>>> print(open('structure.csv').read())   # CSV, C-alpha atoms
chain,number,residue,atom,x,y,z
A,1,MET,CA,85.4,113.1,82.6
A,2,GLU,CA,82.6,110.9,81.4
A,3,LYS,CA,85.0,108.9,79.3
A,4,THR,CA,87.3,108.5,82.3
A,5,ASN,CA,84.5,107.5,84.5
A,6,ASN,CA,83.3,104.8,82.1
A,7,GLN,CA,86.9,103.5,81.6
A,8,PHE,CA,87.5,103.5,85.4
A,9,GLU,CA,84.3,101.5,85.9
A,10,ALA,CA,85.3,98.9,83.2
A,11,ALA,CA,88.8,98.5,84.7
A,12,ILE,CA,87.5,98.2,88.3
A,13,ARG,CA,85.0,95.6,87.1
A,14,LYS,CA,87.8,93.4,85.9
A,15,CYS,CA,89.6,93.8,89.3
A,16,ARG,CA,86.5,93.1,91.3
A,17,GLU,CA,85.6,90.0,89.3
A,18,LEU,CA,89.0,88.5,90.1
A,19,PHE,CA,88.6,89.5,93.8
A,20,GLU,CA,85.2,87.8,93.9
A,21,LYS,CA,86.6,84.6,92.3
A,22,LYS,CA,89.5,84.5,94.7
A,23,MET,CA,87.1,85.0,97.7
A,24,ILE,CA,85.3,81.8,96.5
A,25,ASP,CA,88.6,79.9,96.1
A,26,TYR,CA,90.4,81.1,99.2
A,27,GLY,CA,87.9,82.9,101.4
A,28,SER,CA,89.2,85.7,103.5
A,29,ALA,CA,92.6,84.1,104.3
A,30,TRP,CA,94.2,87.5,103.4
A,31,ARG,CA,92.6,88.9,106.5
A,32,ILE,CA,95.5,87.4,108.6
A,33,LEU,CA,97.9,89.7,106.8
A,34,ARG,CA,99.1,92.9,108.5
A,35,THR,CA,98.9,96.0,106.4
A,36,THR,CA,102.8,95.9,106.3
A,37,SER,CA,102.6,92.5,104.6
A,38,LEU,CA,100.0,93.8,102.1
A,39,THR,CA,102.3,96.8,101.4
A,40,ASP,CA,105.2,94.3,100.7
A,41,GLN,CA,102.9,92.3,98.4
A,42,ILE,CA,102.0,95.4,96.5
A,43,TYR,CA,105.7,96.3,96.3
A,44,ILE,CA,106.5,92.9,94.9
A,45,LYS,CA,103.9,93.3,92.1
A,46,ALA,CA,105.0,96.9,91.3
A,47,ASN,CA,108.7,95.8,91.3
A,48,ARG,CA,107.8,93.0,88.9
A,49,ILE,CA,106.1,95.4,86.6
A,50,ARG,CA,109.2,97.6,86.5
A,51,SER,CA,111.2,94.5,85.8
A,52,ILE,CA,108.9,93.5,82.9
A,53,GLU,CA,109.2,97.1,81.5
A,54,GLU,CA,113.0,96.9,81.6
A,55,LYS,CA,113.8,93.3,80.6
A,56,PRO,CA,113.6,91.9,77.1
A,57,GLU,CA,111.8,88.7,78.2
A,58,MET,CA,109.6,87.3,80.9
A,59,LYS,CA,109.8,83.9,82.4
A,60,ILE,CA,106.4,83.9,84.1
A,61,ASP,CA,103.3,83.9,82.0
A,62,GLU,CA,101.6,86.9,83.7
A,63,GLY,CA,102.1,90.3,82.3
A,64,ALA,CA,102.0,93.8,83.7
A,65,ARG,CA,98.3,94.1,83.3
A,66,ASP,CA,97.8,91.1,85.7
A,67,GLU,CA,100.1,92.7,88.2
A,68,PHE,CA,98.3,96.0,88.0
A,69,ILE,CA,95.1,94.2,88.8
A,70,GLY,CA,96.8,92.6,91.8
A,71,ILE,CA,98.0,96.0,92.9
A,72,VAL,CA,94.4,97.3,92.9
A,73,ASN,CA,93.1,94.3,94.8
A,74,TYR,CA,95.9,94.2,97.4
A,75,SER,CA,95.5,97.9,97.9
A,76,VAL,CA,91.8,97.5,98.6
A,77,MET,CA,92.5,94.7,101.0
A,78,ALA,CA,95.0,97.0,102.8
A,79,LEU,CA,92.2,99.7,103.1
A,80,ILE,CA,89.8,97.0,104.5
A,81,GLN,CA,92.5,95.9,107.0
A,82,LEU,CA,93.0,99.5,108.1
A,83,GLU,CA,89.3,99.8,108.6
A,84,LEU,CA,88.7,96.5,110.4
A,85,GLY,CA,92.0,95.8,112.0
A,86,LEU,CA,93.2,92.3,113.0
A,87,LYS,CA,91.3,92.3,116.3
A,88,THR,CA,87.9,91.7,114.7
A,89,ASN,CA,86.7,88.4,113.2
A,90,LEU,CA,89.0,87.5,110.4
A,91,GLU,CA,86.3,85.6,108.5
A,92,LEU,CA,84.4,87.6,106.0
A,93,LYS,CA,81.6,86.2,103.9
A,94,PRO,CA,82.2,86.9,100.2
A,95,ASN,CA,79.3,89.3,100.0
A,96,GLU,CA,80.6,91.2,103.1
A,97,ALA,CA,84.1,91.4,101.5
A,98,VAL,CA,82.6,92.7,98.2
A,99,GLU,CA,80.6,95.3,100.1
A,100,LEU,CA,83.8,96.5,101.8
A,101,TYR,CA,85.6,96.3,98.5
A,102,ASN,CA,83.0,98.5,96.8
A,103,LYS,CA,83.0,101.0,99.6
A,104,HIS,CA,86.8,101.5,99.3
A,105,VAL,CA,86.8,101.6,95.5
A,106,PHE,CA,84.0,104.3,95.7
A,107,GLU,CA,86.1,106.4,98.1
A,108,SER,CA,89.2,106.0,95.8
A,109,LYS,CA,87.1,106.9,92.8
A,110,SER,CA,85.8,110.0,94.5
A,111,LEU,CA,89.4,111.0,95.2
A,112,MET,CA,90.3,110.3,91.6
A,113,HIS,CA,87.5,112.5,90.3
A,114,ASN,CA,88.6,115.4,92.5
A,115,LYS,CA,92.3,115.1,91.5
A,116,ASN,CA,91.4,114.4,87.9
A,117,HIS,CA,89.4,117.7,87.8
A,118,ASP,CA,92.3,119.7,89.4
A,119,TYR,CA,95.0,118.1,87.3
A,120,ASP,CA,93.1,118.2,84.0
A,121,GLU,CA,93.6,114.5,83.4
A,122,ALA,CA,97.4,114.8,83.2
A,123,TRP,CA,97.7,111.0,83.6
A,124,ARG,CA,96.5,110.6,80.0
A,125,ASN,CA,99.8,112.1,78.9
A,126,MET,CA,101.9,109.9,81.2
A,127,ARG,CA,103.7,106.7,80.3
A,128,ILE,CA,102.7,103.5,82.0
A,129,SER,CA,106.3,103.2,83.2
A,130,SER,CA,105.9,106.6,85.0
A,131,LEU,CA,102.7,105.3,86.7
A,132,THR,CA,104.7,102.3,87.8
A,133,ASP,CA,107.4,104.5,89.3
A,134,ILE,CA,104.9,106.7,91.1
A,135,ILE,CA,103.3,103.5,92.6
A,136,LEU,CA,106.8,102.4,93.8
A,137,MET,CA,107.4,105.9,95.3
A,138,LYS,CA,104.0,105.8,97.1
A,139,LEU,CA,104.9,102.3,98.5
A,140,LEU,CA,108.2,103.6,99.8
A,141,ARG,CA,106.3,106.5,101.5
A,142,ILE,CA,103.8,104.0,103.0
A,143,LYS,CA,106.7,101.9,104.3
A,144,GLN,CA,108.2,105.0,106.0
A,145,ILE,CA,104.8,105.9,107.5
A,146,GLU,CA,104.4,102.3,108.7
A,147,ASP,CA,107.9,102.4,110.2
A,148,ASN,CA,106.9,105.6,112.0
A,149,LYS,CA,103.9,103.8,113.5
A,150,GLY,CA,101.5,105.6,111.2
A,151,LYS,CA,102.5,109.1,112.3
A,152,THR,CA,103.1,111.9,109.9
A,153,LEU,CA,103.9,115.6,110.4
A,154,VAL,CA,102.5,117.2,107.3
A,155,SER,CA,101.9,114.3,104.8
A,156,GLU,CA,99.0,112.3,103.7
A,157,GLY,CA,98.5,109.1,105.7
A,158,LEU,CA,98.3,105.5,104.7
A,159,GLU,CA,94.7,105.6,103.4
A,160,ALA,CA,95.3,108.4,101.0
A,161,ASN,CA,98.5,106.7,99.6
A,162,TYR,CA,96.7,103.4,99.1
A,163,GLN,CA,93.9,105.2,97.3
A,164,ASP,CA,96.4,107.0,95.1
A,165,ILE,CA,98.0,103.6,94.3
A,166,ILE,CA,94.6,102.2,93.3
A,167,ASN,CA,93.9,105.1,91.0
A,168,TYR,CA,97.4,105.0,89.4
A,169,ALA,CA,97.0,101.3,88.8
A,170,LEU,CA,93.6,101.8,87.3
A,171,PHE,CA,95.0,104.5,85.0
A,172,ALA,CA,97.6,102.0,83.8
A,173,LEU,CA,94.9,99.4,83.1
A,174,ILE,CA,92.9,102.0,81.2
A,175,LYS,CA,96.0,102.9,79.1
A,176,PHE,CA,96.5,99.1,78.4
A,177,ASP,CA,92.9,98.9,77.1
A,178,GLU,CA,93.3,102.0,75.0
A,179,LYS,CA,96.4,100.5,73.4
A,180,GLU,CA,94.4,97.4,72.4
A,181,THR,CA,91.6,99.4,70.8
A,182,VAL,CA,93.9,101.5,68.7
>>> encode(input="structure.csv", output="structure tokens")
Amino acid sequence: MEKTNNQFEAAIRKCRELFEKKMIDYGSAWRILRTTSLTDQIYIKANRIRSIEEKPEMKIDEGARDEFIGIVNYSVMALIQLELGLKTNLELKPNEAVELYNKHVFESKSLMHNKNHDYDEAWRNMRISSLTDIILMKLLRIKQIEDNKGKTLVSEGLEANYQDIINYALFALIKFDEKETV
């Protein structure tokens, strides 16, 4: 678990660095988006990853790794939106946004530790393409929950699904890094 923790921290650091830079470039313009729009943005990125995995060539110079980073960051934005809603001030100072980012990453990491313990790090034996498919499945679940106005009978809600997506995307980033060091 120590190895996973260190790898998780390294992967999230890359995601956070990009988030911080985009906060400087664009501010908190993303705060105008409803969570349904963020879900669709995550879906676009996950669908592109699947396309990259299946097609022999890419025509855009951003690979799957970049898209997984985007999935992490948009998922964190969705969690922030769930927490703050659209009725509060849409402007966030970069340091406020990073504090919220860190809070939601910490909560997702805690969930990852608990699940990783119970599942004995099963993700390490998974293919990146399976992680992509699971993210797409989670997104379809989220869309259904959103269509049901957030109500579920027995299932996890939006927050847990976004957290799972963050963790699966980070696992994929870890697997990319492991491939490069082999």
>>> closest_residue(input="structure.csv", among="A:Thr35, A:Asn89, A:Asn167, A:Thr132", to="Glu67 in chain A", atoms="all atoms listed in the file")
A:Thr132
>>> closest_residue(input="structure.csv", among="A:Phe106, A:Tyr168, A:Trp30, A:Phe19", to="Asn73 in chain A", atoms="only C-alpha atoms")
A:Phe19
>>> closest_residue(input="structure.csv", among="A:Tyr74, A:Leu38, A:Ile24, A:Ala172", to="Glu146 in chain A", atoms="only C-alpha atoms")
A:Leu38
>>> residues_around(input="structure.csv", residues="Arg16 in chain A", least_positions_apart="3", cutoff="9 Å", atoms="all atoms listed in the file", output="number ranges by chain")
A: 11-13, 19-21, 73, 98, 101-102
>>> atom_distance(input="structure.csv", atom1="CA of Ser75 in chain A", atom2="CA of Arg48 in chain A")
16.0 Å
>>> closest_atom_pairs(input="structure.csv", of="range 51-153 of chain A", to="range 173-176 of chain A", cutoff="8 Å", atoms="all atoms listed in the file", output="Markdown table")
| residue | atom | partner | partner_atom | distance |
| --- | --- | --- | --- | --- |
| A:Arg65 | CA | A:Leu173 | CA | 6.3 |
| A:Phe68 | CA | A:Leu173 | CA | 6.9 |
| A:Ile69 | CA | A:Leu173 | CA | 7.7 |
| A:Arg124 | CA | A:Lys175 | CA | 7.8 |
| A:Ile128 | CA | A:Lys175 | CA | 7.3 |
>>> atom_distance(input="structure.csv", atom1="CA of Leu136 in chain A", atom2="CA of Ala46 in chain A")
6.3 Å
>>> residues_around(input="structure.csv", residues="Leu92 in chain A", least_positions_apart="6", cutoff="10 Å", atoms="all atoms listed in the file", output="list in words")
Met23, Gly27, Ser28, Ala29, Arg31, Val98 and Leu100 of chain A
>>> residues_around(input="structure.csv", residues="range 76-83 of chain A", least_positions_apart="4", cutoff="10 Å", atoms="all atoms listed in the file", output="PyMOL selection string")
chain A and resi 19+28+30-39+42+70-72+88+90+97+100-105+108+158-160+162-163+165-166
>>> write_last_selection(input="structure.csv", atoms="C-alpha atoms", output="PDB file, keeping the file's coordinate frame")
ATOM      1  CA  PHE A  19      88.600  89.500  93.800  1.00  0.00           C
ATOM      2  CA  SER A  28      89.200  85.700 103.500  1.00  0.00           C
ATOM      3  CA  TRP A  30      94.200  87.500 103.400  1.00  0.00           C
ATOM      4  CA  ARG A  31      92.600  88.900 106.500  1.00  0.00           C
ATOM      5  CA  ILE A  32      95.500  87.400 108.600  1.00  0.00           C
ATOM      6  CA  LEU A  33      97.900  89.700 106.800  1.00  0.00           C
ATOM      7  CA  ARG A  34      99.100  92.900 108.500  1.00  0.00           C
ATOM      8  CA  THR A  35      98.900  96.000 106.400  1.00  0.00           C
ATOM      9  CA  THR A  36     102.800  95.900 106.300  1.00  0.00           C
ATOM     10  CA  SER A  37     102.600  92.500 104.600  1.00  0.00           C
ATOM     11  CA  LEU A  38     100.000  93.800 102.100  1.00  0.00           C
ATOM     12  CA  THR A  39     102.300  96.800 101.400  1.00  0.00           C
ATOM     13  CA  ILE A  42     102.000  95.400  96.500  1.00  0.00           C
ATOM     14  CA  GLY A  70      96.800  92.600  91.800  1.00  0.00           C
ATOM     15  CA  ILE A  71      98.000  96.000  92.900  1.00  0.00           C
ATOM     16  CA  VAL A  72      94.400  97.300  92.900  1.00  0.00           C
ATOM     17  CA  THR A  88      87.900  91.700 114.700  1.00  0.00           C
ATOM     18  CA  LEU A  90      89.000  87.500 110.400  1.00  0.00           C
ATOM     19  CA  ALA A  97      84.100  91.400 101.500  1.00  0.00           C
ATOM     20  CA  LEU A 100      83.800  96.500 101.800  1.00  0.00           C
ATOM     21  CA  TYR A 101      85.600  96.300  98.500  1.00  0.00           C
ATOM     22  CA  ASN A 102      83.000  98.500  96.800  1.00  0.00           C
ATOM     23  CA  LYS A 103      83.000 101.000  99.600  1.00  0.00           C
ATOM     24  CA  HIS A 104      86.800 101.500  99.300  1.00  0.00           C
ATOM     25  CA  VAL A 105      86.800 101.600  95.500  1.00  0.00           C
ATOM     26  CA  SER A 108      89.200 106.000  95.800  1.00  0.00           C
ATOM     27  CA  LEU A 158      98.300 105.500 104.700  1.00  0.00           C
ATOM     28  CA  GLU A 159      94.700 105.600 103.400  1.00  0.00           C
ATOM     29  CA  ALA A 160      95.300 108.400 101.000  1.00  0.00           C
ATOM     30  CA  TYR A 162      96.700 103.400  99.100  1.00  0.00           C
ATOM     31  CA  GLN A 163      93.900 105.200  97.300  1.00  0.00           C
ATOM     32  CA  ILE A 165      98.000 103.600  94.300  1.00  0.00           C
ATOM     33  CA  ILE A 166      94.600 102.200  93.300  1.00  0.00           C
TER      34      ILE A 166
END
>>> closest_residue(input="structure.csv", among="A:Gln41, A:Ser51, A:Ser110, A:Asn148", to="Phe8 in chain A", atoms="all atoms listed in the file")
A:Ser110
>>> closest_residue(input="structure.csv", among="A:Leu84, A:Asp40, A:Lys55, A:Asp120", to="Thr4 in chain A", atoms="only C-alpha atoms")
A:Asp120
>>> atom_distance(input="structure.csv", atom1="CA of Arg50 in chain A", atom2="CA of Gly157 in chain A")
24.8 Å
>>> closest_residue(input="structure.csv", among="A:Glu107, A:Met137, A:Lys115, A:Lys143", to="Met1 in chain A", atoms="all atoms listed in the file")
A:Lys115
>>> residues_around(input="structure.csv", residues="Lys3 in chain A", least_positions_apart="3", cutoff="12 Å", atoms="only C-alpha atoms", output="number ranges by chain")
A: 6-10, 113, 121, 124, 174, 178
>>> decode(input="structure.csv", residues="range 65-152 of chain A", atoms="C-alpha atoms", output="PDB file, in the first residue's frame")
ATOM      1  CA  ARG A  65      -2.521  10.118 -20.487  1.00  0.00           C
ATOM      2  CA  ASP A  66      -3.563  13.754 -21.065  1.00  0.00           C
ATOM      3  CA  GLU A  67      -7.205  12.713 -21.236  1.00  0.00           C
ATOM      4  CA  PHE A  68      -6.955  10.773 -17.946  1.00  0.00           C
ATOM      5  CA  ILE A  69      -5.513  13.893 -16.317  1.00  0.00           C
ATOM      6  CA  GLY A  70      -8.497  15.820 -17.683  1.00  0.00           C
ATOM      7  CA  ILE A  71     -10.862  13.190 -16.291  1.00  0.00           C
ATOM      8  CA  VAL A  72      -9.347  13.587 -12.823  1.00  0.00           C
ATOM      9  CA  ASN A  73      -9.556  17.375 -12.940  1.00  0.00           C
ATOM     10  CA  TYR A  74     -13.090  17.566 -14.345  1.00  0.00           C
ATOM     11  CA  SER A  75     -14.241  15.008 -11.764  1.00  0.00           C
ATOM     12  CA  VAL A  76     -12.789  17.120  -8.961  1.00  0.00           C
ATOM     13  CA  MET A  77     -14.523  20.172 -10.467  1.00  0.00           C
ATOM     14  CA  ALA A  78     -17.799  18.213 -10.436  1.00  0.00           C
ATOM     15  CA  LEU A  79     -17.324  17.389  -6.749  1.00  0.00           C
ATOM     16  CA  ILE A  80     -16.634  21.068  -6.018  1.00  0.00           C
ATOM     17  CA  GLN A  81     -19.785  22.007  -7.930  1.00  0.00           C
ATOM     18  CA  LEU A  82     -21.812  19.465  -5.941  1.00  0.00           C
ATOM     19  CA  GLU A  83     -20.476  21.020  -2.751  1.00  0.00           C
ATOM     20  CA  LEU A  84     -20.831  24.694  -3.668  1.00  0.00           C
ATOM     21  CA  GLY A  85     -23.694  24.649  -6.142  1.00  0.00           C
ATOM     22  CA  LEU A  86     -24.340  27.375  -8.676  1.00  0.00           C
ATOM     23  CA  LYS A  87     -26.079  29.727  -6.280  1.00  0.00           C
ATOM     24  CA  THR A  88     -22.916  30.796  -4.482  1.00  0.00           C
ATOM     25  CA  ASN A  89     -20.340  33.185  -5.885  1.00  0.00           C
ATOM     26  CA  LEU A  90     -18.937  31.652  -9.070  1.00  0.00           C
ATOM     27  CA  GLU A  91     -15.566  33.350  -8.643  1.00  0.00           C
ATOM     28  CA  LEU A  92     -12.944  31.372  -6.783  1.00  0.00           C
ATOM     29  CA  LYS A  93      -9.480  32.654  -6.074  1.00  0.00           C
ATOM     30  CA  PRO A  94      -6.822  30.183  -7.219  1.00  0.00           C
ATOM     31  CA  ASN A  95      -5.837  29.346  -3.630  1.00  0.00           C
ATOM     32  CA  GLU A  96      -9.502  28.707  -2.688  1.00  0.00           C
ATOM     33  CA  ALA A  97      -9.950  26.443  -5.699  1.00  0.00           C
ATOM     34  CA  VAL A  98      -6.789  24.498  -4.845  1.00  0.00           C
ATOM     35  CA  GLU A  99      -7.947  24.088  -1.226  1.00  0.00           C
ATOM     36  CA  LEU A 100     -11.236  22.627  -2.464  1.00  0.00           C
ATOM     37  CA  TYR A 101      -9.353  20.506  -4.984  1.00  0.00           C
ATOM     38  CA  ASN A 102      -7.126  19.098  -2.236  1.00  0.00           C
ATOM     39  CA  LYS A 103     -10.113  18.406   0.002  1.00  0.00           C
ATOM     40  CA  HIS A 104     -11.895  16.351  -2.641  1.00  0.00           C
ATOM     41  CA  VAL A 105      -8.729  14.540  -3.705  1.00  0.00           C
ATOM     42  CA  PHE A 106      -8.084  13.634  -0.063  1.00  0.00           C
ATOM     43  CA  GLU A 107     -11.614  12.235   0.276  1.00  0.00           C
ATOM     44  CA  SER A 108     -11.191  10.256  -2.961  1.00  0.00           C
ATOM     45  CA  LYS A 109      -7.822   8.988  -1.784  1.00  0.00           C
ATOM     46  CA  SER A 110      -9.346   7.831   1.486  1.00  0.00           C
ATOM     47  CA  LEU A 111     -11.982   5.885  -0.453  1.00  0.00           C
ATOM     48  CA  MET A 112      -9.226   4.419  -2.640  1.00  0.00           C
ATOM     49  CA  HIS A 113      -7.289   3.227   0.425  1.00  0.00           C
ATOM     50  CA  ASN A 114     -10.361   1.509   1.856  1.00  0.00           C
ATOM     51  CA  LYS A 115     -11.320  -0.170  -1.413  1.00  0.00           C
ATOM     52  CA  ASN A 116      -7.722  -1.006  -2.252  1.00  0.00           C
ATOM     53  CA  HIS A 117      -7.420  -2.799   1.091  1.00  0.00           C
ATOM     54  CA  ASP A 118     -10.605  -4.803   0.569  1.00  0.00           C
ATOM     55  CA  TYR A 119      -9.896  -5.649  -3.076  1.00  0.00           C
ATOM     56  CA  ASP A 120      -6.178  -6.428  -2.545  1.00  0.00           C
ATOM     57  CA  GLU A 121      -5.046  -3.978  -5.228  1.00  0.00           C
ATOM     58  CA  ALA A 122      -6.898  -5.872  -7.966  1.00  0.00           C
ATOM     59  CA  TRP A 123      -6.508  -2.833 -10.248  1.00  0.00           C
ATOM     60  CA  ARG A 124      -2.823  -3.706 -10.669  1.00  0.00           C
ATOM     61  CA  ASN A 125      -3.878  -6.758 -12.719  1.00  0.00           C
ATOM     62  CA  MET A 126      -6.316  -4.809 -14.859  1.00  0.00           C
ATOM     63  CA  ARG A 127      -5.738  -3.442 -18.329  1.00  0.00           C
ATOM     64  CA  ILE A 128      -5.891   0.308 -18.892  1.00  0.00           C
ATOM     65  CA  SER A 129      -8.659  -0.389 -21.423  1.00  0.00           C
ATOM     66  CA  SER A 130     -10.725  -2.003 -18.649  1.00  0.00           C
ATOM     67  CA  LEU A 131     -10.211   1.071 -16.466  1.00  0.00           C
ATOM     68  CA  THR A 132     -11.459   3.161 -19.401  1.00  0.00           C
ATOM     69  CA  ASP A 133     -14.557   0.977 -19.756  1.00  0.00           C
ATOM     70  CA  ILE A 134     -15.313   1.156 -16.032  1.00  0.00           C
ATOM     71  CA  ILE A 135     -15.034   4.956 -16.143  1.00  0.00           C
ATOM     72  CA  LEU A 136     -17.477   5.006 -19.074  1.00  0.00           C
ATOM     73  CA  MET A 137     -19.855   2.740 -17.142  1.00  0.00           C
ATOM     74  CA  LYS A 138     -19.634   5.009 -14.075  1.00  0.00           C
ATOM     75  CA  LEU A 139     -20.424   7.990 -16.313  1.00  0.00           C
ATOM     76  CA  LEU A 140     -23.526   6.264 -17.680  1.00  0.00           C
ATOM     77  CA  ARG A 141     -24.574   5.584 -14.082  1.00  0.00           C
ATOM     78  CA  ILE A 142     -24.018   9.241 -13.204  1.00  0.00           C
ATOM     79  CA  LYS A 143     -26.094  10.338 -16.203  1.00  0.00           C
ATOM     80  CA  GLN A 144     -28.926   8.072 -15.051  1.00  0.00           C
ATOM     81  CA  ILE A 145     -28.739   9.445 -11.512  1.00  0.00           C
ATOM     82  CA  GLU A 146     -28.725  12.995 -12.911  1.00  0.00           C
ATOM     83  CA  ASP A 147     -31.759  12.165 -15.063  1.00  0.00           C
ATOM     84  CA  ASN A 148     -33.434  10.879 -11.881  1.00  0.00           C
ATOM     85  CA  LYS A 149     -32.749  14.241 -10.192  1.00  0.00           C
ATOM     86  CA  GLY A 150     -30.087  12.707  -7.959  1.00  0.00           C
ATOM     87  CA  LYS A 151     -32.355  10.082  -6.435  1.00  0.00           C
ATOM     88  CA  THR A 152     -31.267   6.476  -6.052  1.00  0.00           C
TER      89      THR A 152
END
